[in-house]
2 protein chains.
Amino acid sequence: MDDLAAPPAVDAETALADVPAGHKDELRLWLRLLACTTLIEGCIRRRLREQFDTTLPRFDMLAQLERAPPEGLTLGELSRRMMVSNGNITGLAARLEAEGLVERRAMQGDRRAQMLRLTLRGRREFRRQSAVHEAWVAELFQDLSAADRAALFRLLGRAKASVRAALDREEAP
Amino acid sequence: MDDLAAPPAVDAETALADVPAGHKDELRLWLRLLACTTLIEGCIRRRLREQFDTTLPRFDMLAQLERAPPEGLTLGELSRRMMVSNGNITGLAARLEAEGLVERRAMQGDRRAQMLRLTLRGRREFRRQSAVHEAWVAELFQDLSAADRAALFRLLGRAKASVRAALDREEAP
DNA sequence: CCGCGATGTTTGAAGCCTAAAGCATTCCGG
DNA sequence: CCGGAATGCTTTAGGCTTCAAACATCGCGG
């Protein structure tokens, strides 16, 4: 911190770019993947806060409900789709309900479950946000050629398949 | 949830795979990137908890300190490298210190700052964890060919550059 | 029709994370 | 030397997240 002329931007992935050796290239790949995601996610979170005074989890929940059937989704289904815990959904839904963006409705035939769906206000608000959100993402990737984007998309698909396979092996030995 | 024969694994990325059209392919790319990272991160968090009773942030902090100069790092430098806020570092360092894995040492010449470094126990513990951690990552990517891994690594580098460029444009209009 | 395992949701405790405000110290220009 | 800007860290308030335990209800086998 003292005699380095001009310390350039150093993040976790850059800092770990020169680990000894081994089968460490998988590790480097993971760190770069993580750094990339963190960078984008941080930008989107910040803009959601600055421009819409909201958060990514709130936005995600609205997004799930918007593309759901008109009768809505149960909290459990929402939990699965958002890949977060049940307990998490409870609080998130409560906050969005308090803001008048979603509404609960008892599910007839099963008194345990309840449907959650967008209010009119929620739908309008989400549409307003999502158009801008989509432009942000496009902007962040704009220096990547269409070919690179396509290749990246395809490779990420394979990576995901590899990870899922490993997870399946784990629970079914 | 009732008449679907065998609902396959549905996550955010899969669920949004059929959005209308537009320049939505950037959005799909982002969602896939996010899904991929979330999947891996969740697996690693879970295993860190199950096998070492620790968390990813703790592990990250130890990792940063392990590859730091022997005198350690200041909290501020740690904050920059881990890409998290200052306030976050305070609590994290306090917890690790309470567990005897790191130690603070006043920095001579600047009474504001303090160096944080691994204790002997912290170093041993981290080495134990990191060897296993590296194997986990290799396992998760094992179905990806070396060529695919290399290509993915390269493309992620370009993606990161694109994002950084967009962020630079943002703060210097 | 009764009990009991499965399913849907909530609660509680703990940790992570941020932004913003505050405190202490250092640095620097006048 | 002195005052203010800059820097390093902590605190505070609030939200997100998880796991595990608790509750409520459903569905089914006996």
# chains A, B, ... in the order shown; residues from 1 in each chain; ligands from 1
>>> closest_atom_pairs(of="chain B", to="chain C", cutoff="7 Å", atoms="only C-alpha atoms (C1' of nucleotides)", output="JSON lines")
{"residue": "B:Asn88", "atom": "CA", "partner": "C:DC17", "partner_atom": "C1'", "distance": 6.5}
{"residue": "B:Arg111", "atom": "CA", "partner": "C:DT25", "partner_atom": "C1'", "distance": 6.6}
{"residue": "B:Arg112", "atom": "CA", "partner": "C:DT25", "partner_atom": "C1'", "distance": 5.5}
>>> interface_residues(of="chain A", to="chain D", cutoff="10 Å", atoms="only C-alpha atoms (C1' of nucleotides)", output="JSON, numbers by chain")
{"A": [55, 56, 57, 84, 85, 86, 87, 88, 91, 92, 109, 110, 111, 112, 113]}
>>> select_by_dssp(residues="chain B", states="strand (DSSP E or B)", output="PyMOL selection string")
chain B and resi 73-74+102-106+114-118
>>> closest_atom_pairs(of="chain A", to="chain B", cutoff="6 Å", atoms="only C-alpha atoms", output="CSV")
residue,atom,partner,partner_atom,distance
A:Val10,CA,B:Arg81,CA,6.0
A:Asp11,CA,B:Arg81,CA,4.8
A:Ala12,CA,B:Arg81,CA,5.6
A:Glu26,CA,B:Ala138,CA,5.4
A:Leu29,CA,B:Phe153,CA,5.6
A:Cys36,CA,B:Lys160,CA,5.5
A:Arg81,CA,B:Asp11,CA,4.9
A:Met82,CA,B:Ala12,CA,5.8
A:Ala138,CA,B:Glu26,CA,5.4
A:Leu140,CA,B:Val163,CA,4.8
A:Phe141,CA,B:Ser162,CA,5.7
A:Asp143,CA,B:Ser162,CA,4.9
A:Phe153,CA,B:Leu29,CA,5.6
A:Lys160,CA,B:Cys36,CA,5.5
A:Ser162,CA,B:Asp143,CA,4.9
A:Val163,CA,B:Leu140,CA,4.8
A:Ala166,CA,B:Leu140,CA,5.5
